>>> print(open('start.pdb').read())   # PDB, C-alpha atoms
ATOM      1  CA  MET A   1      65.817 128.020   9.691
ATOM      2  CA  ASN A   2      68.337 130.669   8.733
ATOM      3  CA  CYS A   3      68.873 132.278   5.299
ATOM      4  CA  LYS A   4      71.915 130.123   4.454
ATOM      5  CA  LEU A   5      70.053 126.849   4.941
ATOM      6  CA  ALA A   6      67.019 128.206   3.079
ATOM      7  CA  GLN A   7      69.223 129.230   0.132
ATOM      8  CA  GLN A   8      70.895 125.818   0.057
ATOM      9  CA  ASN A   9      67.469 124.206  -0.243
ATOM     10  CA  MET A  10      65.853 126.550  -2.753
ATOM     11  CA  LEU A  11      66.384 124.434  -5.870
ATOM     12  CA  ASN A  12      65.510 121.271  -3.929
ATOM     13  CA  TYR A  13      62.242 122.933  -2.944
ATOM     14  CA  LEU A  14      61.521 123.891  -6.548
ATOM     15  CA  ASP A  15      62.235 120.436  -7.979
ATOM     16  CA  GLY A  16      60.518 118.586  -5.132
ATOM     17  CA  THR A  17      63.605 116.850  -3.733
ATOM     18  CA  ILE A  18      63.686 118.827  -0.473
ATOM     19  CA  ASP A  19      63.836 116.738   2.696
ATOM     20  CA  LYS A  20      60.248 116.449   3.942
ATOM     21  CA  SER A  21      61.351 117.027   7.535
ATOM     22  CA  ILE A  22      62.425 120.604   6.754
ATOM     23  CA  ILE A  23      59.755 121.635   4.251
ATOM     24  CA  ASN A  24      57.591 123.448   6.860
ATOM     25  CA  ALA A  25      60.567 125.309   8.313
ATOM     26  CA  PHE A  26      61.615 126.316   4.785
ATOM     27  CA  GLU A  27      58.176 127.677   3.901
ATOM     28  CA  GLU A  28      57.941 129.529   7.222
ATOM     29  CA  HIS A  29      61.322 131.135   6.643
ATOM     30  CA  VAL A  30      60.533 132.200   3.084
ATOM     31  CA  GLY A  31      57.185 133.564   4.270
ATOM     32  CA  SER A  32      58.876 135.856   6.770
ATOM     33  CA  CYS A  33      62.146 136.724   4.960
ATOM     34  CA  SER A  34      61.617 139.093   2.008
ATOM     35  CA  SER A  35      65.166 138.580   0.688
ATOM     36  CA  CYS A  36      64.786 134.787   0.440
ATOM     37  CA  ARG A  37      61.253 135.175  -0.942
ATOM     38  CA  ASP A  38      62.512 137.470  -3.728
ATOM     39  CA  GLU A  39      65.303 135.021  -4.497
ATOM     40  CA  LEU A  40      62.839 132.146  -4.742
ATOM     41  CA  GLN A  41      60.548 134.178  -7.024
ATOM     42  CA  LEU A  42      63.435 134.947  -9.339
ATOM     43  CA  LEU A  43      64.679 131.368  -9.498
ATOM     44  CA  LYS A  44      61.286 129.679  -9.899
ATOM     45  CA  PRO A  45      60.432 130.531 -13.555
ATOM     46  CA  ILE A  46      63.982 129.824 -14.774
ATOM     47  CA  TYR A  47      64.535 126.573 -12.903
ATOM     48  CA  LYS A  48      61.011 125.361 -13.674
ATOM     49  CA  GLN A  49      61.716 125.871 -17.389
ATOM     50  CA  VAL A  50      63.088 122.295 -17.426
ATOM     51  CA  GLU A  51      59.488 121.057 -17.268
ATOM     52  CA  GLY A  52      58.630 123.423 -20.131
ATOM     53  CA  ASP A  53      61.518 122.110 -22.219
ATOM     54  CA  LEU A  54      60.530 118.499 -21.574
ATOM     55  CA  GLY A  55      56.848 119.232 -22.300
ATOM     56  CA  GLU A  56      57.800 120.536 -25.752
ATOM     57  CA  TYR A  57      59.012 117.139 -26.917
ATOM     58  CA  ALA A  58      56.933 115.366 -29.535
ATOM     59  CA  PRO A  59      58.551 112.064 -30.569
ATOM     60  CA  ASN A  60      59.525 111.980 -34.222
ATOM     61  CA  PRO A  61      57.734 108.954 -35.813
ATOM     62  CA  TYR A  62      60.491 108.615 -38.434
ATOM     63  CA  PHE A  63      63.322 108.597 -35.909
ATOM     64  CA  ALA A  64      64.004 104.825 -35.980
ATOM     65  CA  ALA A  65      63.926 104.820 -39.802
ATOM     66  CA  LYS A  66      66.449 107.676 -39.842
ATOM     67  CA  VAL A  67      68.755 105.786 -37.468
ATOM     68  CA  LEU A  68      68.607 102.631 -39.613
ATOM     69  CA  ALA A  69      69.282 104.632 -42.800
ATOM     70  CA  LYS A  70      72.283 106.311 -41.172
ATOM     71  CA  LEU A  71      73.523 102.946 -39.936
ATOM     72  CA  THR A  72      73.266 101.399 -43.410
ATOM     73  CA  GLU A  73      75.029 104.400 -44.948
ATOM     74  CA  LYS A  74      77.818 104.148 -42.381
ATOM     75  CA  ARG A  75      78.293 100.407 -42.942
ATOM     76  CA  GLU A  76      78.538 100.836 -46.715
ATOM     77  CA  LYS A  77      81.151 103.601 -46.557
ATOM     78  CA  PRO A  78      84.180 101.564 -45.396
ATOM     79  CA  THR A  79      83.970  99.352 -48.541
ATOM     80  CA  THR A  80      85.920 101.991 -50.516
ATOM     81  CA  ILE A  81      89.654 101.221 -50.622
ATOM     82  CA  PHE A  82      90.753 104.578 -49.295
ATOM     83  CA  THR A  83      88.725 106.540 -46.815
ATOM     84  CA  GLN A  84      89.832 110.155 -46.452
ATOM     85  CA  LYS A  85      91.700 109.379 -43.224
ATOM     86  CA  SER A  86      93.557 106.374 -44.583
ATOM     87  CA  TYR A  87      94.455 108.316 -47.763
ATOM     88  CA  ILE A  88      96.005 111.109 -45.680
ATOM     89  CA  LEU A  89      97.852 108.508 -43.598
ATOM     90  CA  ALA A  90      99.215 106.748 -46.708
ATOM     91  CA  VAL A  91     100.435 110.024 -48.251
ATOM     92  CA  SER A  92     102.034 111.070 -44.938
ATOM     93  CA  LEU A  93     103.843 107.720 -44.625
ATOM     94  CA  ALA A  94     105.123 107.949 -48.216
ATOM     95  CA  ALA A  95     106.415 111.483 -47.620
ATOM     96  CA  ALA A  96     108.086 110.373 -44.384
ATOM     97  CA  ALA A  97     109.745 107.419 -46.180
ATOM     98  CA  VAL A  98     111.135 109.726 -48.903
ATOM     99  CA  ALA A  99     112.434 112.153 -46.263
ATOM    100  CA  VAL A 100     114.133 109.351 -44.314
ATOM    101  CA  GLY A 101     115.658 107.976 -47.538
ATOM    102  CA  LEU A 102     117.075 111.383 -48.468
ATOM    103  CA  PHE A 103     118.451 111.920 -44.982
ATOM    104  CA  VAL A 104     120.184 108.532 -44.874
ATOM    105  CA  GLY A 105     121.557 109.052 -48.385
ATOM    106  CA  ILE A 106     122.991 112.467 -47.542
ATOM    107  CA  GLN A 107     124.510 111.125 -44.322
ATOM    108  CA  PHE A 108     126.160 108.263 -46.222
ATOM    109  CA  VAL A 109     127.630 110.482 -48.924
ATOM    110  CA  SER A 110     128.854 113.265 -46.628
ATOM    111  CA  SER A 111     130.323 111.371 -43.669
ATOM    112  CA  GLY A 112     129.180 107.792 -43.593
ATOM    113  CA  SER A 113     131.814 106.593 -46.119
ATOM    114  CA  SER A 114     135.543 106.391 -45.260
ATOM    115  CA  LEU A 115     136.536 107.213 -48.862
ATOM    116  CA  ALA A 116     137.419 110.755 -49.850
ATOM    117  CA  GLN A 117     135.366 112.548 -52.524
ATOM    118  CA  PRO A 118     137.897 112.160 -55.423
ATOM    119  CA  GLU A 119     138.252 108.435 -54.662
ATOM    120  CA  ILE A 120     134.484 107.946 -54.851
ATOM    121  CA  ALA A 121     134.379 109.842 -58.126
ATOM    122  CA  THR A 122     137.180 107.629 -59.479
ATOM    123  CA  ILE A 123     135.440 104.449 -58.470
ATOM    124  CA  LEU A 124     132.243 105.658 -60.057
ATOM    125  CA  ALA A 125     134.052 106.642 -63.229
ATOM    126  CA  ASN A 126     135.856 103.288 -63.406
ATOM    127  CA  ASP A 127     132.555 101.501 -62.976
ATOM    128  CA  TYR A 128     131.146 103.526 -65.815
ATOM    129  CA  SER A 129     134.003 102.742 -68.183
ATOM    130  CA  ASN A 130     136.809 100.171 -68.098
ATOM    131  CA  PHE A 131     139.139 102.151 -70.348
ATOM    132  CA  SER A 132     141.944 103.173 -68.048
ATOM    133  CA  ASP A 133     143.086 106.019 -70.302
ATOM    134  CA  SER A 134     139.720 107.658 -70.018
ATOM    135  CA  ASN A 135     140.065 107.836 -66.269
ATOM    136  CA  PRO A 136     140.336 111.561 -65.506
ATOM    137  CA  TYR A 137     142.545 110.872 -62.493
ATOM    138  CA  ASN A 138     144.857 108.500 -64.280
ATOM    139  CA  PHE A 139     146.957 110.894 -66.309
ATOM    140  CA  GLU A 140     150.757 111.102 -66.291
ATOM    141  CA  VAL A 141     152.344 114.297 -65.026
ATOM    142  CA  GLU A 142     155.122 115.668 -67.243
ATOM    143  CA  GLU A 143     158.445 115.999 -65.479
ATOM    144  CA  VAL A 144     159.565 119.612 -65.258
ATOM    145  CA  ASP A 145     163.232 120.429 -65.808
ATOM    146  CA  THR A 146     164.045 122.570 -62.827
ATOM    147  CA  SER A 147     167.760 122.946 -63.783
ATOM    148  CA  LEU A 148     166.971 126.086 -65.870
ATOM    149  CA  ASN A 149     165.970 127.930 -62.750
ATOM    150  CA  LYS A 150     169.355 127.453 -61.227
TER
ATOM    151  CA  MET B   1      59.743  90.955 -26.305
ATOM    152  CA  ASP B   2      62.080  92.180 -23.551
ATOM    153  CA  ASP B   3      65.397  93.998 -23.968
ATOM    154  CA  LYS B   4      67.479  90.852 -23.538
ATOM    155  CA  ASP B   5      65.687  89.035 -26.381
ATOM    156  CA  LEU B   6      65.948  92.040 -28.707
ATOM    157  CA  VAL B   7      69.653  92.483 -27.944
ATOM    158  CA  GLY B   8      70.190  88.762 -28.594
ATOM    159  CA  ARG B   9      68.507  89.017 -32.008
ATOM    160  CA  VAL B  10      70.574  92.055 -32.961
ATOM    161  CA  ILE B  11      73.849  90.388 -31.996
ATOM    162  CA  GLU B  12      73.133  86.917 -33.400
ATOM    163  CA  SER B  13      71.318  87.699 -36.630
ATOM    164  CA  ASN B  14      71.939  91.422 -37.190
ATOM    165  CA  ASP B  15      68.160  91.854 -36.976
ATOM    166  CA  HIS B  16      67.398  95.472 -37.939
ATOM    167  CA  LYS B  17      63.729  95.127 -36.999
ATOM    168  CA  ALA B  18      64.688  94.131 -33.466
ATOM    169  CA  PHE B  19      67.066  97.077 -33.305
ATOM    170  CA  ALA B  20      64.334  99.438 -34.554
ATOM    171  CA  GLN B  21      62.171  98.251 -31.644
ATOM    172  CA  LEU B  22      64.951  99.089 -29.204
ATOM    173  CA  VAL B  23      65.321 102.533 -30.805
ATOM    174  CA  GLU B  24      61.585 103.226 -30.461
ATOM    175  CA  ARG B  25      61.607 102.012 -26.863
ATOM    176  CA  TYR B  26      64.486 104.297 -25.800
ATOM    177  CA  GLN B  27      64.030 107.193 -28.230
ATOM    178  CA  LYS B  28      62.344 109.571 -25.750
ATOM    179  CA  MET B  29      64.807 108.759 -22.964
ATOM    180  CA  VAL B  30      67.833 109.434 -25.175
ATOM    181  CA  VAL B  31      66.488 112.564 -26.880
ATOM    182  CA  THR B  32      65.426 114.204 -23.606
ATOM    183  CA  THR B  33      68.747 113.313 -21.960
ATOM    184  CA  CYS B  34      70.629 114.928 -24.852
ATOM    185  CA  ARG B  35      68.246 117.909 -24.653
ATOM    186  CA  GLY B  36      69.567 118.529 -21.134
ATOM    187  CA  PHE B  37      72.973 119.287 -22.629
ATOM    188  CA  VAL B  38      72.095 121.139 -25.845
ATOM    189  CA  GLN B  39      69.978 124.150 -26.788
ATOM    190  CA  SER B  40      67.401 122.608 -29.155
ATOM    191  CA  TYR B  41      65.511 119.407 -29.893
ATOM    192  CA  ALA B  42      66.947 119.453 -33.427
ATOM    193  CA  ASP B  43      70.480 119.135 -32.011
ATOM    194  CA  ALA B  44      69.251 116.602 -29.441
ATOM    195  CA  GLU B  45      67.740 114.379 -32.168
ATOM    196  CA  ASP B  46      70.920 114.505 -34.267
ATOM    197  CA  LEU B  47      72.915 113.519 -31.217
ATOM    198  CA  ALA B  48      70.440 110.775 -30.327
ATOM    199  CA  GLN B  49      70.899 109.216 -33.785
ATOM    200  CA  ASP B  50      74.648 108.980 -33.135
ATOM    201  CA  VAL B  51      73.932 107.477 -29.707
ATOM    202  CA  PHE B  52      71.904 104.644 -31.277
ATOM    203  CA  ILE B  53      74.511 104.009 -33.959
ATOM    204  CA  GLU B  54      77.152 103.655 -31.267
ATOM    205  CA  LEU B  55      74.774 101.431 -29.313
ATOM    206  CA  PHE B  56      74.367  99.137 -32.339
ATOM    207  CA  GLU B  57      78.133  98.894 -32.786
ATOM    208  CA  SER B  58      78.817  98.302 -29.102
ATOM    209  CA  LEU B  59      76.039  95.771 -28.439
ATOM    210  CA  PRO B  60      78.328  92.732 -28.956
ATOM    211  CA  GLY B  61      80.283  94.006 -25.920
ATOM    212  CA  PHE B  62      77.179  94.307 -23.750
ATOM    213  CA  ARG B  63      77.253  91.554 -21.125
ATOM    214  CA  ASN B  64      73.861  92.068 -19.418
ATOM    215  CA  GLU B  65      75.715  92.820 -16.177
ATOM    216  CA  SER B  66      74.044  96.220 -15.966
ATOM    217  CA  LYS B  67      70.656  97.300 -17.281
ATOM    218  CA  LEU B  68      70.507  98.190 -20.972
ATOM    219  CA  SER B  69      69.143 101.636 -20.019
ATOM    220  CA  THR B  70      72.263 102.311 -17.900
ATOM    221  CA  TRP B  71      74.455 101.355 -20.877
ATOM    222  CA  ILE B  72      72.462 103.670 -23.165
ATOM    223  CA  TYR B  73      72.591 106.546 -20.650
ATOM    224  CA  ARG B  74      76.389 106.239 -20.543
ATOM    225  CA  ILE B  75      76.649 106.490 -24.321
ATOM    226  CA  ALA B  76      74.215 109.425 -24.387
ATOM    227  CA  VAL B  77      76.123 111.319 -21.693
ATOM    228  CA  ASN B  78      79.508 110.785 -23.389
ATOM    229  CA  LYS B  79      78.195 111.797 -26.808
ATOM    230  CA  SER B  80      76.525 114.887 -25.350
ATOM    231  CA  LEU B  81      79.632 115.989 -23.453
ATOM    232  CA  ASN B  82      81.751 115.595 -26.608
ATOM    233  CA  PHE B  83      79.195 117.560 -28.615
ATOM    234  CA  VAL B  84      79.187 120.427 -26.066
ATOM    235  CA  ARG B  85      83.010 120.508 -25.978
ATOM    236  CA  ARG B  86      83.138 120.686 -29.775
ATOM    237  CA  ARG B  87      80.417 123.345 -29.883
ATOM    238  CA  LYS B  88      82.289 125.430 -27.277
ATOM    239  CA  ARG B  89      85.409 125.382 -29.462
ATOM    240  CA  GLU B  90      83.361 126.418 -32.511
ATOM    241  CA  VAL B  91      81.674 129.262 -30.586
ATOM    242  CA  LEU B  92      85.055 130.431 -29.340
ATOM    243  CA  LEU B  93      86.418 130.508 -32.893
ATOM    244  CA  ASN B  94      83.283 132.263 -34.194
ATOM    245  CA  ASN B  95      83.549 134.846 -31.440
ATOM    246  CA  LEU B  96      87.106 135.585 -32.496
ATOM    247  CA  TYR B  97      85.874 136.432 -35.997
ATOM    248  CA  PHE B  98      82.510 137.998 -35.219
ATOM    249  CA  TRP B  99      83.101 139.355 -31.731
ATOM    250  CA  ASN B 100      81.115 142.575 -32.264
ATOM    251  CA  LYS B 101      78.196 141.124 -34.173
ATOM    252  CA  ASP B 102      74.868 141.001 -32.303
ATOM    253  CA  SER B 103      72.443 138.652 -34.025
ATOM    254  CA  ASN B 104      69.886 138.401 -31.232
ATOM    255  CA  SER B 105      68.472 141.920 -31.221
ATOM    256  CA  LEU B 106      64.953 142.474 -32.504
ATOM    257  CA  ALA B 107      64.333 145.165 -35.062
ATOM    258  CA  LEU B 108      62.797 148.292 -33.554
ATOM    259  CA  GLY B 109      59.014 148.485 -33.823
ATOM    260  CA  GLN B 110      58.657 144.779 -34.660
ATOM    261  CA  ALA B 111      55.213 143.600 -33.454
ATOM    262  CA  VAL B 112      55.056 140.593 -31.113
ATOM    263  CA  SER B 113      51.804 138.817 -30.153
ATOM    264  CA  PRO B 114      51.141 137.922 -26.456
ATOM    265  CA  GLU B 115      51.663 134.206 -27.272
ATOM    266  CA  GLY B 116      54.827 135.096 -29.114
ATOM    267  CA  GLU B 117      55.946 137.181 -26.160
ATOM    268  CA  GLN B 118      55.434 134.246 -23.764
ATOM    269  CA  ALA B 119      57.257 131.907 -26.134
ATOM    270  CA  MET B 120      60.144 134.367 -26.346
ATOM    271  CA  LEU B 121      60.240 134.659 -22.550
ATOM    272  CA  ASP B 122      60.291 130.855 -22.207
ATOM    273  CA  ALA B 123      63.020 130.593 -24.827
ATOM    274  CA  GLU B 124      65.049 133.238 -23.015
ATOM    275  CA  ARG B 125      64.659 131.439 -19.678
ATOM    276  CA  SER B 126      65.523 128.114 -21.277
ATOM    277  CA  LYS B 127      68.650 129.648 -22.773
ATOM    278  CA  GLN B 128      69.622 131.266 -19.478
ATOM    279  CA  LEU B 129      69.198 127.967 -17.637
ATOM    280  CA  LYS B 130      71.122 126.019 -20.263
ATOM    281  CA  LEU B 131      73.997 128.507 -20.266
ATOM    282  CA  ALA B 132      74.256 128.252 -16.482
ATOM    283  CA  ILE B 133      74.094 124.427 -16.541
ATOM    284  CA  ASN B 134      76.817 124.333 -19.190
ATOM    285  CA  LYS B 135      79.095 126.388 -16.946
ATOM    286  CA  LEU B 136      78.994 123.716 -14.233
ATOM    287  CA  ALA B 137      81.865 121.255 -13.875
ATOM    288  CA  GLU B 138      81.192 118.229 -16.124
ATOM    289  CA  ASN B 139      80.453 115.719 -13.357
ATOM    290  CA  GLN B 140      78.109 118.163 -11.580
ATOM    291  CA  ARG B 141      76.376 118.863 -14.910
ATOM    292  CA  VAL B 142      75.860 115.174 -15.701
ATOM    293  CA  ALA B 143      74.473 114.457 -12.216
ATOM    294  CA  LEU B 144      72.102 117.437 -12.410
ATOM    295  CA  ILE B 145      70.809 116.606 -15.901
ATOM    296  CA  LEU B 146      70.199 112.951 -15.056
ATOM    297  CA  SER B 147      68.390 114.025 -11.901
ATOM    298  CA  ARG B 148      66.397 116.927 -13.334
ATOM    299  CA  TYR B 149      65.684 115.872 -16.931
ATOM    300  CA  GLN B 150      65.385 112.127 -16.322
ATOM    301  CA  GLU B 151      64.381 112.091 -12.653
ATOM    302  CA  LEU B 152      66.772 109.217 -12.000
ATOM    303  CA  SER B 153      67.359 108.146  -8.405
ATOM    304  CA  TYR B 154      70.743 108.719  -6.734
ATOM    305  CA  LYS B 155      71.436 104.999  -7.133
ATOM    306  CA  GLU B 156      70.667 105.055 -10.869
ATOM    307  CA  ILE B 157      72.804 108.175 -11.393
ATOM    308  CA  ALA B 158      75.631 106.478  -9.476
ATOM    309  CA  GLU B 159      75.406 103.444 -11.818
ATOM    310  CA  VAL B 160      75.482 105.567 -14.965
ATOM    311  CA  MET B 161      78.382 107.710 -13.732
ATOM    312  CA  GLY B 162      80.297 104.854 -12.118
ATOM    313  CA  VAL B 163      80.578 106.618  -8.746
ATOM    314  CA  SER B 164      79.178 106.024  -5.245
ATOM    315  CA  VAL B 165      75.760 107.204  -4.104
ATOM    316  CA  SER B 166      77.363 109.581  -1.585
ATOM    317  CA  SER B 167      79.411 111.128  -4.427
ATOM    318  CA  VAL B 168      76.181 111.737  -6.348
ATOM    319  CA  GLU B 169      74.670 113.464  -3.281
ATOM    320  CA  SER B 170      77.714 115.677  -2.992
ATOM    321  CA  LEU B 171      77.781 116.438  -6.754
ATOM    322  CA  LEU B 172      74.102 117.397  -6.760
ATOM    323  CA  PHE B 173      74.493 119.581  -3.671
ATOM    324  CA  ARG B 174      77.373 121.497  -5.271
ATOM    325  CA  ALA B 175      75.675 121.620  -8.684
ATOM    326  CA  LYS B 176      72.533 123.218  -7.256
ATOM    327  CA  GLU B 177      74.468 125.659  -5.090
ATOM    328  CA  ASN B 178      76.588 126.787  -8.071
ATOM    329  CA  LEU B 179      73.571 126.925 -10.379
ATOM    330  CA  ARG B 180      71.619 129.071  -7.899
ATOM    331  CA  LYS B 181      74.507 131.534  -7.655
ATOM    332  CA  MET B 182      74.886 131.709 -11.444
ATOM    333  CA  LEU B 183      71.173 132.271 -12.052
ATOM    334  CA  LEU B 184      71.084 135.070  -9.476
ATOM    335  CA  LYS B 185      74.278 136.706 -10.718
ATOM    336  CA  GLY B 186      73.570 140.238 -11.865
ATOM    337  CA  LYS B 187      70.114 140.303 -10.238
ATOM    338  CA  ASN B 188      69.727 142.871  -7.460
ATOM    339  CA  ILE B 189      68.280 141.204  -4.368
TER
END
>>> encode(input="start.pdb", output="structure tokens")
Amino acid sequence: MNCKLAQQNMLNYLDGTIDKSIINAFEEHVGSCSSCRDELQLLKPIYKQVEGDLGEYAPNPYFAAKVLAKLTEKREKPTTIFTQKSYILAVSLAAAAVAVGLFVGIQFVSSGSSLAQPEIATILANDYSNFSDSNPYNFEVEEVDTSLNK
Amino acid sequence: MDDKDLVGRVIESNDHKAFAQLVERYQKMVVTTCRGFVQSYADAEDLAQDVFIELFESLPGFRNESKLSTWIYRIAVNKSLNFVRRRKREVLLNNLYFWNKDSNSLALGQAVSPEGEQAMLDAERSKQLKLAINKLAENQRVALILSRYQELSYKEIAEVMGVSVSSVESLLFRAKENLRKMLLKGKNI
């Protein structure tokens, strides 16, 4: 076995998944190659720490009760009319509706209508009052005698 | 009572006692799987609670086509990966604010007992291993954790991950090769 193959099998050797047909060759190589032996010695305590981590576990006897309590709490929450998310969504939709309304309104007033500004104002004024003499655009222009200028 | 009966009771009559039995049966499996992804058992237990809540909500969709344990492993892996992604973002943001703060250093002259020293060494190794595992590509990480922390067979890992057995072999080969290189990085051999 060469160093490359030994290195490829180091973690398999440490976790016991190495192919049994090469285990003797691996051990022989590591026994005679100081570089691979050092590498194995360095990796062993770190990689083997998985067993240490798993050994630490002591099952919590209240775990199932905690899960059920959390589940009950979660199922009761959606009964409120507005959750935080739906409240934010509702406010966003209302703001968007106002913005769209303003935009459409401005478009209609500025270019959407074929009537000129004074005509609109006249129509609005007429709607407001039926007295024709109060119409600001309905006044008679005095005729100017231009003969004096001659 | 077997899994199928308990699942049936949960779906048909919302039986919380039956669900509690399922939780107790799979508690260790889920917590230790989550522990493969996160730094502490406290985080792993919090995550495991979320796994069981999602299991409860998704049980009506469980068709008994795969084993219940495979279904639970899938939920545990997805929850754990999401947790790690979120934690990475938080760490990144914290590092932006506290980039020069070193909270791990011991005060000078602080006495440590031999047992305490061993515990610290184990904790340091555990952290080093976990950091290296978390740097692996997600699919390599999942395959390695299911193999190393749960000792699942290639076939079982393939079922959980929804890939072929040969893909699992390839993922584990690359995961171990990358992990070896990362653990030896900076060490003079």
>>> closest_residue(input="start.pdb", among="A:Val104, A:Leu54, A:Leu93, A:Ala6", to="chain B", atoms="only C-alpha atoms")
A:Leu54
>>> atom_distance(input="start.pdb", atom1="atom CA of B:Phe37", atom2="atom CA of B:Lys79")
10.0 Å
>>> resolve_selection(input="start.pdb", expression="the PyMOL selection byres ((chain A) within 7 of (chain B))", output="list in words")
Gln8, Leu11, Ser35, Asp38, Glu39, Ile46, Tyr47, Gln49, Val50, Leu54, Pro59, Ala64, Val67 and Leu71 of chain A
>>> atom_distance(input="start.pdb", atom1="atom CA of A:Pro45", atom2="atom CA of A:Tyr13")
13.2 Å
>>> closest_residue(input="start.pdb", among="A:Leu89, A:Leu68, A:Val100, A:Asp53", to="B:Val38", atoms="only C-alpha atoms")
A:Asp53
>>> residues_around(input="start.pdb", residues="B:Val30", least_positions_apart="4", cutoff="7 Å", atoms="all atoms listed in the file", output="count of residues only")
4
>>> axis_aligned_box(input="start.pdb", around="stretch 20-35 of chain A", padding_each_side="4 Å", output="lines of an AutoDock Vina configuration file")
center_x = 61.2
center_y = 127.8
center_z = 4.5
size_x = 16.0
size_y = 30.6
size_z = 15.6
>>> closest_residue(input="start.pdb", among="B:Tyr73, B:Phe62, B:Phe83, B:Tyr154", to="B:Lys4", atoms="only C-alpha atoms")
B:Phe62
>>> atom_distance(input="start.pdb", atom1="atom CA of A:Val30", atom2="atom CA of A:Thr17")
17.1 Å
>>> closest_residue(input="start.pdb", among="A:Ser32, A:Ser110, A:Asn24, A:Ser86", to="A:Cys3", atoms="all atoms listed in the file")
A:Ser32
>>> residues_around(input="start.pdb", residues="A:Leu14", least_positions_apart="3", cutoff="9 Å", atoms="all atoms listed in the file", output="count of residues only")
10
>>> closest_residue(input="start.pdb", among="B:Asp3, B:Asn14, B:Ser153, B:Val165", to="B:Ser66", atoms="all atoms listed in the file")
B:Asp3
>>> resolve_selection(input="start.pdb", expression="the PyMOL selection byres ((chain B and resi 67) around 12)", output="list of chain:residue names")
B:Asp2, B:Asp3, B:Lys4, B:Val7, B:Phe62, B:Arg63, B:Asn64, B:Glu65, B:Ser66, B:Leu68, B:Ser69, B:Thr70, B:Trp71, B:Ile72, B:Tyr73, B:Arg74, B:Glu156, B:Glu159, B:Val160
